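Chemist: Dropping in coords-v3.txt, with compact mmCIF, C-alpha atoms and all ligand atoms.
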```txt
# COMPACT_ATOMS: atom_id res chain seq x y z
CA MET A 650 -14.78 26.91 -9.62
CA LYS A 651 -13.15 25.76 -12.79
CA GLN A 652 -11.10 22.65 -12.56
CA PHE A 653 -9.01 21.86 -15.58
CA GLY A 654 -6.39 19.49 -14.30
CA ARG A 655 -7.89 16.13 -13.67
CA ALA A 656 -5.93 14.50 -10.89
CA LEU A 657 -3.17 12.52 -12.47
CA LEU A 658 -2.47 9.13 -11.06
CA ILE A 659 0.74 7.67 -12.34
CA PHE A 660 -0.20 4.10 -11.84
CA VAL A 661 -2.99 3.45 -9.43
CA VAL A 662 -5.36 0.93 -10.82
CA ALA A 663 -8.59 0.05 -9.11
CA VAL A 664 -10.47 -2.99 -10.23
CA LEU A 665 -13.90 -4.14 -9.30
CA LEU A 666 -13.99 -7.86 -8.78
CA ALA A 667 -17.57 -8.71 -9.51
CA GLY A 668 -19.33 -9.98 -6.43
CA VAL A 669 -16.19 -9.82 -4.34
CA GLY A 670 -15.40 -6.20 -3.69
CA ILE A 671 -12.98 -3.43 -4.43
CA THR A 672 -9.39 -4.22 -5.10
CA SER A 673 -6.62 -1.73 -5.53
CA TRP A 674 -3.05 -2.25 -6.44
CA THR A 675 -0.18 -0.67 -8.20
CA VAL A 676 2.31 -1.78 -10.73
CA THR A 677 5.81 -1.10 -9.71
CA ALA A 678 8.01 -0.28 -12.67
CA GLN A 679 8.37 3.34 -11.65
CA ASP A 680 9.01 2.90 -7.95
CA ALA A 681 12.66 3.65 -8.48
CA THR A 682 11.79 7.13 -9.68
CA PHE A 683 10.95 8.23 -6.16
CA PRO A 684 13.07 6.18 -3.79
CA THR A 685 12.14 8.31 -0.78
CA LEU A 686 9.46 10.81 0.07
CA THR A 687 11.96 13.61 -0.31
CA PRO A 688 10.70 16.98 -1.49
CA PRO A 689 11.99 18.09 -4.87
CA PRO A 690 14.73 20.73 -4.66
CA SER A 691 13.19 24.13 -4.31
CA PRO A 692 12.97 26.28 -6.25
CA THR A 693 13.95 24.10 -9.16
CA ASN A 694 13.00 26.34 -12.04
CA ASN A 695 13.07 30.09 -11.95
CA GLY A 696 12.65 30.28 -15.70
CA GLY A 697 13.85 33.73 -16.68
CA SER A 698 15.04 36.62 -14.56
CA ALA A 699 11.73 37.44 -12.88
CA GLN A 700 11.56 38.06 -9.14
CA TRP A 701 8.86 35.93 -7.58
CA GLU A 702 7.07 36.66 -4.36
CA ILE A 703 5.24 33.87 -2.63
CA GLY A 704 2.67 35.03 -0.09
CA GLU A 705 0.20 33.15 2.07
CA GLN A 706 -0.81 29.62 1.12
CA THR A 707 -3.42 27.37 2.70
CA PHE A 708 -4.60 23.78 2.61
CA THR A 709 -8.09 22.86 3.81
CA SER A 710 -9.53 19.38 4.04
CA ASP A 711 -13.15 18.98 3.00
CA TYR A 712 -13.33 15.28 3.83
CA PRO A 713 -14.86 13.14 2.35
CA TYR A 714 -15.47 15.42 -0.65
CA GLY A 715 -11.95 16.61 -1.38
CA PHE A 716 -9.55 19.35 -0.38
CA ASN A 717 -8.71 22.95 -1.27
CA PHE A 718 -5.57 25.01 -1.64
CA THR A 719 -5.08 28.76 -1.95
CA LEU A 720 -1.97 30.74 -2.88
CA LYS A 721 -1.00 34.38 -3.12
CA ALA A 722 1.94 35.04 -5.40
CA SER A 723 3.33 37.55 -7.87
CA SER A 724 6.03 37.88 -10.51
CA SER A 725 7.98 41.09 -11.27
CA ALA A 726 7.74 40.32 -14.97
CA GLY A 727 3.98 40.37 -15.28
CA ARG A 728 0.70 38.77 -14.42
CA ILE A 729 0.67 35.11 -13.46
CA LYS A 730 -1.28 33.27 -16.13
CA ASN A 731 -1.05 29.68 -14.89
CA ALA A 732 -0.91 28.20 -11.41
CA THR A 733 -0.93 24.50 -10.64
CA VAL A 734 -0.75 22.68 -7.35
CA GLN A 735 1.04 19.36 -7.38
CA TRP A 736 1.20 16.78 -4.62
CA LYS A 737 2.33 13.33 -3.70
CA LEU A 738 0.47 10.96 -1.40
CA SER A 739 3.42 8.57 -1.41
CA PRO A 740 6.73 8.35 -3.18
CA VAL A 741 5.05 6.79 -6.17
CA THR A 742 2.24 9.10 -7.20
CA LEU A 743 2.11 12.62 -8.53
CA GLN A 744 -1.22 14.40 -8.77
CA ARG A 745 -2.04 17.92 -9.82
CA VAL A 746 -4.88 20.32 -10.26
CA GLY A 747 -4.99 23.67 -12.01
CA GLY A 748 -5.99 26.84 -10.19
CA THR A 749 -8.33 29.71 -10.94
CA PHE A 750 -7.60 33.30 -9.95
CA ASN A 751 -10.14 34.88 -7.61
CA GLU A 752 -10.22 38.61 -8.39
CA GLN A 753 -11.91 39.46 -5.06
CA SER A 754 -9.48 37.71 -2.77
CA GLU A 755 -6.56 38.15 -5.20
CA GLN A 756 -5.47 34.60 -4.71
CA TRP A 757 -5.25 31.41 -6.68
CA GLU A 758 -7.70 28.72 -5.66
CA PHE A 759 -7.47 25.01 -6.30
CA ARG A 760 -9.91 22.22 -5.54
CA TRP A 761 -9.43 18.48 -5.74
CA GLU A 762 -12.64 16.43 -5.86
CA SER A 763 -12.38 13.09 -4.13
CA THR A 764 -14.54 11.37 -6.73
CA SER A 765 -11.62 11.52 -9.18
CA ALA A 766 -9.64 8.99 -7.12
CA PRO A 767 -11.08 8.46 -3.63
CA VAL A 768 -8.73 8.10 -0.68
CA PRO A 769 -9.51 7.58 3.00
CA ALA A 770 -9.19 10.19 5.70
CA TRP A 771 -5.74 10.97 7.08
CA VAL A 772 -3.81 10.24 3.95
CA GLY A 773 -0.78 12.50 4.04
CA LEU A 774 0.34 14.73 1.24
CA GLN A 775 3.30 16.81 0.31
CA TYR A 776 2.43 19.68 -2.01
CA TRP A 777 3.92 22.60 -3.90
CA PHE A 778 2.86 25.08 -6.54
CA VAL A 779 4.13 25.64 -10.07
CA LEU A 780 3.59 29.11 -11.53
CA GLU A 781 3.98 30.67 -14.94
CA ASP A 782 3.80 34.38 -15.72
CA GLU A 783 2.69 35.97 -18.98
CA GLN A 784 6.33 36.41 -20.04
CA GLY A 785 6.82 32.67 -19.85
CA ASN A 786 8.87 32.65 -16.64
CA THR A 787 8.15 29.68 -14.43
CA TYR A 788 8.64 29.06 -10.74
CA GLN A 789 8.23 26.13 -8.38
CA THR A 790 7.65 26.85 -4.72
CA GLN A 791 8.93 25.02 -1.67
CA THR A 792 6.87 22.07 -0.43
CA TRP A 793 4.44 21.80 2.49
CA GLN A 794 2.92 18.85 4.35
CA ALA A 795 -0.77 18.31 5.00
CA GLU A 796 -3.27 15.60 5.92
CA TYR A 797 -6.69 14.84 4.55
CA ALA A 798 -8.18 15.40 7.98
CA ASP A 799 -11.61 14.16 8.99
CA ASP A 800 -13.05 16.71 11.40
CA THR A 801 -16.49 15.12 11.33
CA LYS A 802 -15.54 12.39 13.83
CA SER A 803 -13.25 11.85 16.79
CA TRP A 804 -9.92 10.21 15.92
CA GLY A 805 -6.79 9.13 17.75
CA ARG A 806 -3.31 9.35 16.27
CA ALA A 807 0.04 7.78 17.10
CA GLU A 808 3.35 7.94 15.30
CA SER A 809 6.73 6.27 15.55
CA GLU A 810 9.69 5.87 13.23
CA ASP A 811 7.87 2.86 11.69
CA ILE A 812 4.32 4.02 11.05
CA ILE A 813 1.58 6.61 11.55
CA VAL A 814 -1.64 5.13 12.96
CA PHE A 815 -5.13 6.63 13.08
CA TRP A 816 -8.13 5.11 14.77
CA GLU A 817 -11.69 6.34 14.90
CA HIS A 818 -13.17 6.41 18.38
CA PRO A 819 -14.67 4.49 20.10
CA ILE A 820 -11.72 2.24 19.12
CA PRO A 821 -9.74 2.76 22.34
CA ASP A 822 -6.53 4.77 22.39
CA SER A 823 -4.62 1.70 23.53
CA PHE A 824 -4.78 0.56 19.91
CA GLY A 825 -2.22 3.18 18.91
CA GLN A 826 0.44 1.79 21.22
CA LEU A 827 -0.36 -1.77 20.16
CA ALA A 828 0.21 -0.84 16.54
CA LEU A 829 3.47 0.96 17.26
CA ASP A 830 4.65 -1.99 19.35
CA ALA A 831 3.81 -4.49 16.61
CA MET A 832 5.71 -2.53 13.99
CA LYS A 833 8.68 -2.09 16.32
CA GLU A 834 8.80 -5.79 17.17
CA GLN A 835 8.77 -6.72 13.50
CA ARG A 836 11.10 -3.97 12.24
CA GLU A 837 14.32 -5.98 12.06
CA PHE A 838 12.54 -8.96 10.56
CA TYR A 839 11.18 -6.79 7.76
CA ARG A 840 14.64 -5.34 7.25
CA ALA A 841 16.31 -8.75 7.05
CA ALA A 842 13.65 -10.19 4.76
CA TRP A 843 13.48 -7.28 2.31
CA GLY A 844 17.03 -5.98 2.47
CA SER A 845 15.94 -2.56 3.73
CA LEU A 846 12.96 -0.92 5.39
CA LEU A 847 10.14 0.72 3.42
CA SER A 848 11.29 3.80 1.55
CA TYR A 849 8.58 5.86 3.27
CA LYS A 850 6.65 5.88 6.54
CA PRO A 851 3.37 4.03 5.95
CA ARG A 852 -0.03 4.87 7.41
CA ALA A 853 -2.62 2.60 8.99
CA ILE A 854 -6.11 4.06 9.22
CA PHE A 855 -8.73 2.18 11.23
CA TYR A 856 -12.34 3.20 10.96
CA ALA A 857 -14.65 2.14 13.78
CA THR A 858 -17.54 0.89 11.66
CA LYS A 859 -18.29 -0.49 8.24
CA GLN A 860 -20.48 2.56 7.59
CA SER A 861 -17.71 5.06 8.27
CA TYR A 862 -15.17 2.92 6.40
CA TYR A 863 -17.25 3.06 3.24
CA GLU A 864 -18.03 6.79 3.43
CA TRP A 865 -14.82 8.06 1.85
CA ASP A 866 -15.31 6.25 -1.43
CA LEU A 867 -18.09 8.35 -2.87
CA ASN A 868 -17.90 6.45 -6.14
CA SER A 869 -18.43 2.93 -4.89
CA GLY A 870 -20.51 3.32 -1.77
CA THR A 871 -21.49 0.04 -0.21
CA VAL A 872 -23.06 -1.74 -3.15
CA GLY A 873 -21.70 -5.23 -3.63
CA ARG A 874 -18.83 -4.75 -1.22
CA ASN A 875 -17.73 -7.00 1.58
CA ASP A 876 -14.08 -6.05 1.97
CA VAL A 877 -12.90 -4.97 5.40
CA GLY A 878 -9.93 -3.02 4.15
CA GLN A 879 -7.59 -2.05 1.36
CA THR A 880 -3.88 -1.55 1.08
CA VAL A 881 -2.73 0.87 -1.57
CA SER A 882 0.86 1.78 -2.28
CA SER A 883 -0.16 4.85 -4.27
CA TRP A 884 -0.99 6.55 -0.98
CA GLY A 885 1.33 4.43 1.08
CA GLY A 886 -0.92 2.79 3.61
CA THR A 887 -3.69 0.50 4.66
CA VAL A 888 -7.25 1.38 5.60
CA GLN A 889 -9.43 -1.04 7.55
CA TYR A 890 -12.44 -1.11 9.74
CA ASN A 891 -12.58 -2.71 13.14
CA TYR A 892 -14.83 -5.52 12.01
CA ASN A 893 -14.29 -7.93 14.87
CA GLY A 894 -13.11 -5.71 17.70
CA ASN A 895 -9.92 -7.70 18.21
CA LEU A 896 -7.30 -5.00 18.61
CA VAL A 897 -4.37 -7.40 19.07
CA GLU A 898 -5.29 -9.07 15.81
CA GLY A 899 -5.67 -5.65 14.20
CA ALA A 900 -2.15 -4.62 15.21
CA TYR A 901 -0.16 -7.86 15.12
CA GLY A 902 -2.19 -9.54 12.40
CA THR A 903 -3.75 -7.06 10.02
CA ILE A 904 -1.25 -4.20 10.16
CA LEU A 905 1.85 -6.40 9.92
CA HIS A 906 0.23 -8.34 7.05
CA GLU A 907 -0.81 -5.24 5.13
CA ILE A 908 2.54 -3.51 5.62
CA ALA A 909 4.14 -6.59 4.04
CA HIS A 910 1.97 -5.91 0.96
CA LEU A 911 3.44 -2.42 0.84
CA TYR A 912 6.91 -3.96 0.93
CA GLN A 913 5.97 -6.15 -2.04
CA SER A 914 5.32 -3.05 -4.09
CA ASP A 915 8.09 -0.89 -2.63
CA LYS A 916 10.74 -3.57 -3.18
CA ARG A 917 9.31 -4.37 -6.61
CA GLN A 918 8.53 -8.01 -6.23
CA PRO A 919 6.14 -8.64 -9.09
CA THR A 920 4.29 -11.92 -9.08
CA GLY A 921 0.66 -12.61 -9.74
CA ILE A 922 0.68 -15.93 -7.93
CA ARG A 923 -1.77 -15.32 -5.15
CA TRP A 924 -0.69 -18.01 -2.73
CA TRP A 925 2.79 -16.45 -2.82
CA TYR A 926 1.87 -12.82 -2.16
CA GLU A 927 -0.87 -13.62 0.34
CA GLY A 928 1.18 -16.30 2.03
CA GLN A 929 4.11 -13.95 2.17
CA ALA A 930 2.06 -11.17 3.78
CA THR A 931 0.70 -13.73 6.23
CA PHE A 932 4.24 -14.80 7.01
CA PHE A 933 4.94 -11.33 8.46
CA GLU A 934 2.05 -11.49 10.92
CA MET A 935 2.83 -12.16 14.57
CA ASN A 936 0.27 -14.55 15.93
CA LYS A 937 0.30 -13.58 19.64
CA GLY A 938 -2.08 -16.44 20.27
CA VAL A 939 -5.11 -14.65 18.83
CA MET A 940 -5.14 -16.22 15.37
CA TYR A 941 -5.45 -19.92 14.66
CA ASP A 942 -2.32 -21.97 13.89
CA TYR A 943 -1.97 -21.65 10.11
CA LEU A 944 0.64 -24.39 9.77
CA ALA A 945 -1.36 -26.85 11.86
CA ARG A 946 -4.35 -26.26 9.61
CA VAL A 947 -2.28 -26.94 6.48
CA LYS A 948 -0.86 -30.13 7.98
CA GLN A 949 -4.30 -31.33 8.88
CA ILE A 950 -5.66 -30.63 5.38
CA VAL A 951 -2.81 -32.33 3.54
CA ARG A 952 -3.05 -35.37 5.79
CA SER A 953 -6.62 -35.95 4.70
CA LYS A 954 -6.57 -34.60 1.13
CA GLY A 955 -2.95 -34.79 0.03
CA LEU A 956 -1.00 -31.94 -1.52
CA GLY A 957 -0.82 -30.93 -5.19
CA SER A 958 2.10 -29.53 -7.10
CA ILE A 959 3.42 -26.03 -6.47
CA ARG A 960 2.72 -25.39 -10.16
CA ASP A 961 -0.89 -26.34 -9.52
CA ASN A 962 -1.31 -23.90 -6.62
CA TRP A 963 -0.83 -26.85 -4.27
CA GLY A 964 -3.96 -28.44 -5.65
CA VAL A 965 -5.89 -28.15 -2.43
CA ALA A 966 -5.27 -24.51 -1.54
CA THR A 967 -8.94 -23.66 -1.75
CA GLY A 968 -11.40 -21.82 0.44
CA VAL A 969 -11.12 -18.22 1.60
CA ARG A 970 -7.97 -18.91 3.61
CA GLY A 971 -6.38 -21.47 1.30
CA ASP A 972 -3.87 -19.22 -0.45
CA TYR A 973 -2.95 -17.50 2.81
CA ASP A 974 -2.31 -20.68 4.78
CA PHE A 975 -0.64 -22.74 2.07
CA GLY A 976 1.60 -19.85 1.03
CA TYR A 977 2.46 -19.19 4.65
CA ALA A 978 3.37 -22.82 5.29
CA PHE A 979 5.68 -23.06 2.28
CA ILE A 980 7.47 -19.77 2.98
CA ARG A 981 7.86 -20.78 6.61
CA TYR A 982 9.41 -24.02 5.42
CA LEU A 983 11.86 -22.16 3.19
CA VAL A 984 12.90 -19.74 5.91
CA GLU A 985 13.16 -22.35 8.65
CA THR A 986 15.27 -24.50 6.35
CA TYR A 987 17.42 -21.95 4.55
CA GLY A 988 17.24 -18.85 6.75
CA ILE A 989 15.64 -15.48 6.14
CA GLU A 990 18.33 -14.85 3.51
CA VAL A 991 16.41 -17.10 1.14
CA HIS A 992 13.46 -14.72 1.30
CA LEU A 993 15.67 -11.77 0.45
CA ARG A 994 17.30 -13.68 -2.38
CA ILE A 995 13.95 -14.66 -3.91
CA THR A 996 12.82 -11.04 -3.73
CA GLU A 997 15.98 -9.87 -5.49
CA LEU A 998 15.58 -12.49 -8.21
CA LEU A 999 11.95 -11.51 -8.77
CA ARG A 1000 13.07 -7.91 -9.08
CA GLY A 1001 15.46 -9.17 -11.73
CA ASN A 1002 12.45 -10.48 -13.65
CA ARG A 1003 12.81 -14.17 -12.85
CA THR A 1004 9.57 -16.08 -12.59
CA LEU A 1005 8.61 -17.04 -9.06
CA PHE A 1006 9.45 -20.72 -9.56
CA ASP A 1007 12.83 -19.95 -11.13
CA ALA A 1008 13.57 -17.52 -8.32
CA ILE A 1009 12.75 -20.08 -5.62
CA SER A 1010 14.84 -22.74 -7.32
CA GLU A 1011 17.82 -20.45 -7.85
CA ALA A 1012 17.68 -19.00 -4.33
CA VAL A 1013 17.58 -22.46 -2.74
CA GLY A 1014 20.03 -23.96 -5.22
CA LYS A 1015 17.94 -27.01 -6.07
CA PRO A 1016 15.51 -27.99 -8.83
CA LEU A 1017 11.95 -27.02 -7.95
CA GLU A 1018 10.79 -30.64 -7.85
CA GLU A 1019 13.45 -31.44 -5.27
CA ILE A 1020 12.37 -28.49 -3.12
CA GLU A 1021 8.79 -29.70 -3.34
CA TYR A 1022 9.82 -33.17 -2.31
CA ASP A 1023 11.75 -31.82 0.70
CA TYR A 1024 8.80 -29.67 1.64
CA ARG A 1025 6.46 -32.62 1.59
CA VAL A 1026 8.81 -34.51 3.88
CA TRP A 1027 8.90 -31.49 6.20
CA LEU A 1028 5.09 -31.41 6.27
CA GLY A 1029 5.05 -35.08 7.27
CA LEU A 1030 3.28 -36.44 4.19
CA PRO A 1031 3.49 -40.25 4.18
CA ASP A 1032 4.25 -40.25 0.42
CA PRO A 1033 6.34 -37.22 -0.52
CA THR A 1034 6.23 -37.95 -4.27
CA VAL A 1035 5.24 -34.79 -6.15
CA PRO A 1036 2.12 -35.16 -8.34
CA THR A 1037 2.30 -34.20 -12.02
CA ALA A 1038 2.05 -30.46 -12.50
CA LEU A 1039 -0.12 -28.28 -14.68
CA PRO A 1040 1.58 -25.65 -16.86
CA THR A 1041 3.04 -22.58 -15.15
CA LEU A 1042 0.74 -19.65 -14.53
CA GLY A 1043 1.14 -16.39 -16.38
CA PHE A 1044 2.33 -13.07 -15.03
CA THR A 1045 0.03 -10.45 -13.54
CA PHE A 1046 0.20 -7.80 -10.84
CA PRO A 1047 -1.04 -8.52 -7.35
CA PRO A 1048 -4.18 -7.01 -5.88
CA THR A 1049 -4.24 -6.66 -2.11
CA PRO A 1050 -7.73 -6.43 -0.73
CA THR A 1051 -8.47 -7.63 2.76
CA PHE A 1052 -11.32 -9.92 3.60
CA LYS A 1053 -12.48 -11.42 6.82
CA PRO A 1054 -10.37 -14.44 7.63
ZN ZN A 1101 -3.19 -9.86 2.06
```
Using C-alpha cells, write down the structure from this file.
Ligand SMILES: [Zn+2]

Modeler:
Amino acid sequence: MKQFGRALLIFVVAVLLAGVGITSWTVTAQDATFPTLTPPPSPTNNGGSAQWEIGEQTFTSDYPYGFNFTLKASSSAGRIKNATVQWKLSPVTLQRVGGTFNEQSEQWEFRWESTSAPVPAWVGLQYWFVLEDEQGNTYQTQTWQAEYADDTKSWGRAESEDIIVFWEHPIPDSFGQLALDAMKEQREFYRAAWGSLLSYKPRAIFYATKQSYYEWDLNSGTVGRNDVGQTVSSWGGTVQYNYNGNLVEGAYGTILHEIAHLYQSDKRQPTGIRWWYEGQATFFEMNKGVMYDYLARVKQIVRSKGLGSIRDNWGVATGVRGDYDFGYAFIRYLVETYGIEVHLRITELLRGNRTLFDAISEAVGKPLEEIEYDYRVWLGLPDPTVPTALPTLGFTFPPTPTFKP
C-alpha cells in the first residue's frame, strides 16, 4: 500500500542521551492552539456545492506495528481524488496519512507505520477524514475515537474523571483502583498549584515487564536503554514498566510524579533547570510511607557537605537522586513558607518568559540571595551564608525520562 503522508508531528522531539536512554519531550509554544481535546467543528469545509456521502469507516490496531483506517465515501460532483486521515493523540499533536483507493473493495485505505514515531499501546486517538473530489470540492468528516489496542496480551483498564489507566497482567487489577485513588487524592492540589487541571485526560500505561515495555518502540529496541518509563505530552500520558513490583509506589509515586511533568508542558512552564522540573514533579508525589524521606536525606547531606548556591545547582545536588531531592526540598520550603499560591505565581511568571530565578524572586517578593539565606536557615544549616554563585544557566526545554530511583 502506498503511503505518501509521513506522519506529521508538530513538535515531538525524541533525543537519545548516549549511554543513558531514551528521552522524549515537547516544546510548548503551541499548546494554546489546542486548549482542550475538543473535536474540530464538523463538517468545517464543504468546499463547493457537492453532496457528500460518508459510508462505513473502520479503525484497526495492528500493535506494535501501526494501525489502519478504511473509509467509503462519495461526492455528487465527481470522483474523489484525495483522501487523508488526520488524528490527534493529545491536544498538541496533529498527524496525518494519505489514503489509497482500493478498486476491489471500493474503499479508501490508510496505514500508519509505528516506526515513523513509535507510541505505546493504548494511546488514544481522535480521527477524521479530509476528502477532495476531482472538481476541487473538499469535505471534512465528523470525528471518531479509537485506541491503539494491544490484543496480543491481557490488559486491565480503569478510568475516572482524572485519568485512564492500563496495566498488563499479571499486574493485579487492584492497581487500577490505586491509580484512580491517587489521582483523586491529589486533584485539588494539582488544581491549586497549577491554576487549573490538565486540559485533557491523561493516560498511564503500565507494562508488566521490561521486555514488553520495550516492544512498542521498534526503532530503538533495547540497545543501550535502562529507562523504566517515559512521559510524553505529544500523546498525553506516561508509559512505565512495573520494575519493582511496588504498586503503591507506582500509583502514588510514579503516576503522580509523571502527571506533574504533563502539567509542566500543558501549563507552559519552560525551564531547563533540571533540579526545578524534577524536584517539582517529585513535589507532587504522595509518599504513603513507601518511599524514603526526601527532605531528611537532603538535610543529612547538607549537614555533612554543606549547600551550594541555587545558581550553582545547589553545589551538592549530585547522584541519580540529587536533582529530585534537592529540588523537592526547596519547593517544599517555598510552599510551606509562602503557601501553594507561590507555586502558581512562579508558574505564571515562567509562562510570561521570566527566568526561573527571576520568577522565584518576584513571586516571593525578595531578592534571590535573601530567599536562599532563609532557606538555609529553614534547613538548619549552622552557617546560612550563601556561597558565591556561578553564572546563571541557559534556557533549554525539559526532558522527562524516568529512571529507577
Ligand atoms: Zn521526573

Chemist: Please compute the CA of Pro740 (chain A)-CA of Tyr849 (chain A) distance, one decimal, in Å.

Modeler: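 Distance reported for this atom pair: 7.2 Å.
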
Chemist: What lies within 7 Å of Gly902 (chain A) using all atoms listed in the file, ignoring chain neighbours under 5 positions off, as a PyMOL selection string?

Modeler: chain A and resi 934-936

Chemist: Print the selection's residues with C-alpha atoms to a file, as an mmCIF file, keeping the file's coordinate frame.

Modeler:
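Wrote part32.cif, looks like this:
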```cif
data_model
loop_
_atom_site.group_PDB
_atom_site.id
_atom_site.type_symbol
_atom_site.label_atom_id
_atom_site.label_comp_id
_atom_site.auth_asym_id
_atom_site.auth_seq_id
_atom_site.Cartn_x
_atom_site.Cartn_y
_atom_site.Cartn_z
ATOM 1 C CA GLU A 934 2.050 -11.490 10.920
ATOM 2 C CA MET A 935 2.830 -12.160 14.570
ATOM 3 C CA ASN A 936 0.270 -14.550 15.930
#
```

Chemist: To one decimal in Å, tell me the separation between CA of Lys859 (chain A) and CA of Glu834 (chain A).

Modeler: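 We find that CA of Lys859 (chain A) and CA of Glu834 (chain A) lie 29.0 Å from each other.
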
Chemist: Counting only C-alpha atoms and all ligand atoms, which of A:Ile812, A:Ala842, A:Ala853, A:Leu905 gets nearest to ligand ZN 1101 (chain A)?

Modeler: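 With only C-alpha atoms and all ligand atoms as the atom set, the closest residue is A:Leu905.
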
Chemist: Got a sec: who's within 10 Å of Leu846 (chain A), counting all atoms listed in the file, leaving out chain neighbours fewer than 4 positions off, as a PyMOL selection string?

Modeler: chain A and resi 811+836-842+850+912+915-916

Chemist: If I take CA of Ala831 (chain A) and CA of Gln949 (chain A), how far is one from the other in Å, to one decimal?

Modeler: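 One can read the CA of Ala831 (chain A) to CA of Gln949 (chain A) distance as 29.1 Å.
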
Chemist: Skipping near chain neighbours, those fewer than 5 positions away, what residues fall within 10 Å of Phe1006 (chain A) using only C-alpha atoms, listed as number ranges by chain?

Modeler: A: 959-960, 995, 999, 1011-1012, 1016-1017, 1041

Chemist: If we count all atoms listed in the file, what is near Gln700 (chain A) at a cut-off of 10 Å, once residues fewer than 6 positions away on the same chain are taken out, given as a ChimeraX atom specification?

Modeler: /A:723-726,786,788

Chemist: Export C-alpha atoms of the chosen residues as a compact mmCIF listing (two decimals), keeping the file's coordinate frame?

Modeler:
```
# COMPACT_ATOMS: atom_id res chain seq x y z
CA SER A 723 3.33 37.55 -7.87
CA SER A 724 6.03 37.88 -10.51
CA SER A 725 7.98 41.09 -11.27
CA ALA A 726 7.74 40.32 -14.97
CA ASN A 786 8.87 32.65 -16.64
CA TYR A 788 8.64 29.06 -10.74
```

Chemist: Give the answer as one residue: which of A:Glu927, A:Pro851, A:Tyr1024, A:Asn868 has the shortest atom-to-atom distance to Glu985 (chain A), using only C-alpha atoms?

Modeler: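 For Glu985 (chain A), the nearest of the given residues is A:Tyr1024.
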
Chemist: Find, counting all atoms listed in the file, the residue in A:Tyr987, A:Ile908, A:Glu1021, A:Arg917 that gets nearest to ligand ZN 1101 (chain A).

Modeler: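 Of A:Tyr987, A:Ile908, A:Glu1021, A:Arg917, the one nearest ligand ZN 1101 (chain A) is A:Ile908, counting all atoms listed in the file.
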
Chemist: Skip Glu817 (chain A) itself and residues of its chain fewer than 4 positions away, then list as a short mmCIF file (atom, residue, chain, number, x, y, z; two decimals) with C-alpha atoms, keeping the file's coordinate frame all residues within 7 Å of it, counting only C-alpha atoms.

Modeler:
```
data_model
loop_
_atom_site.label_atom_id
_atom_site.label_comp_id
_atom_site.auth_asym_id
_atom_site.auth_seq_id
_atom_site.Cartn_x
_atom_site.Cartn_y
_atom_site.Cartn_z
CA SER A 803 -13.25 11.85 16.79
CA TRP A 804 -9.92 10.21 15.92
CA GLY A 805 -6.79 9.13 17.75
CA PHE A 855 -8.73 2.18 11.23
CA TYR A 856 -12.34 3.20 10.96
CA ALA A 857 -14.65 2.14 13.78
#
```

Chemist: Looking at A:Leu774, A:Ala909, A:Ala766, A:Ile904, which one is nearest to Trp865 (chain A), with distances taken over all atoms listed in the file?

Modeler: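 Of A:Leu774, A:Ala909, A:Ala766, A:Ile904, the one nearest Trp865 (chain A), counting all atoms listed in the file, is A:Ala766.
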
Chemist: Which is closest to ligand ZN 1101 (chain A) among A:Asp876, A:Asp830, A:Asp711, A:Glu796, if we use all atoms listed in the file?

Modeler: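 The answer is A:Asp876, which sits nearest to ligand ZN 1101 (chain A).
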
Chemist: Which polymer residues, whether protein, DNA or RNA, lie within 12 Å of the coordinate (-10.2, 1.2, 13.4) when you count all atoms listed in the file? List them as an MDAnalysis selection string, using the chain letters and numbers from the file.

Modeler: chainID A and resid 770 803:806 814:825 828 853:862 877:878 887:900 903:904

Chemist: From the list A:Ile1009, A:Ala930, A:Leu944, A:Val951, which residue is nearest ligand ZN 1101 (chain A) when using all atoms listed in the file?

Modeler: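 Nearest candidate to ligand ZN 1101 (chain A) out of A:Ile1009, A:Ala930, A:Leu944, A:Val951: A:Ala930.
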
Chemist: Here's a test: counting only C-alpha atoms, identify every protein, DNA and RNA residue with an atom at most 12 Å from (-0.3, 14.7, -2.6) in the file's coordinate frame, and state them as JSON, numbers by chain.

Modeler: {"A": [656, 657, 658, 686, 688, 708, 715, 716, 717, 718, 734, 735, 736, 737, 738, 739, 740, 741, 742, 743, 744, 745, 746, 761, 766, 768, 771, 772, 773, 774, 775, 776, 777, 778, 792, 793, 794, 795, 796, 797, 883, 884, 885]}

Chemist: Kindly save the residues from that selection, with C-alpha atoms included, as a short mmCIF file (atom, residue, chain, number, x, y, z; two decimals), in the frame of the given file.

Modeler:
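Dumped everything to again.cif:
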```
data_model
loop_
_atom_site.label_atom_id
_atom_site.label_comp_id
_atom_site.auth_asym_id
_atom_site.auth_seq_id
_atom_site.Cartn_x
_atom_site.Cartn_y
_atom_site.Cartn_z
CA ALA A 656 -5.93 14.50 -10.89
CA LEU A 657 -3.17 12.52 -12.47
CA LEU A 658 -2.47 9.13 -11.06
CA LEU A 686 9.46 10.81 0.07
CA PRO A 688 10.70 16.98 -1.49
CA PHE A 708 -4.60 23.78 2.61
CA GLY A 715 -11.95 16.61 -1.38
CA PHE A 716 -9.55 19.35 -0.38
CA ASN A 717 -8.71 22.95 -1.27
CA PHE A 718 -5.57 25.01 -1.64
CA VAL A 734 -0.75 22.68 -7.35
CA GLN A 735 1.04 19.36 -7.38
CA TRP A 736 1.20 16.78 -4.62
CA LYS A 737 2.33 13.33 -3.70
CA LEU A 738 0.47 10.96 -1.40
CA SER A 739 3.42 8.57 -1.41
CA PRO A 740 6.73 8.35 -3.18
CA VAL A 741 5.05 6.79 -6.17
CA THR A 742 2.24 9.10 -7.20
CA LEU A 743 2.11 12.62 -8.53
CA GLN A 744 -1.22 14.40 -8.77
CA ARG A 745 -2.04 17.92 -9.82
CA VAL A 746 -4.88 20.32 -10.26
CA TRP A 761 -9.43 18.48 -5.74
CA ALA A 766 -9.64 8.99 -7.12
CA VAL A 768 -8.73 8.10 -0.68
CA TRP A 771 -5.74 10.97 7.08
CA VAL A 772 -3.81 10.24 3.95
CA GLY A 773 -0.78 12.50 4.04
CA LEU A 774 0.34 14.73 1.24
CA GLN A 775 3.30 16.81 0.31
CA TYR A 776 2.43 19.68 -2.01
CA TRP A 777 3.92 22.60 -3.90
CA PHE A 778 2.86 25.08 -6.54
CA THR A 792 6.87 22.07 -0.43
CA TRP A 793 4.44 21.80 2.49
CA GLN A 794 2.92 18.85 4.35
CA ALA A 795 -0.77 18.31 5.00
CA GLU A 796 -3.27 15.60 5.92
CA TYR A 797 -6.69 14.84 4.55
CA SER A 883 -0.16 4.85 -4.27
CA TRP A 884 -0.99 6.55 -0.98
CA GLY A 885 1.33 4.43 1.08
#
```
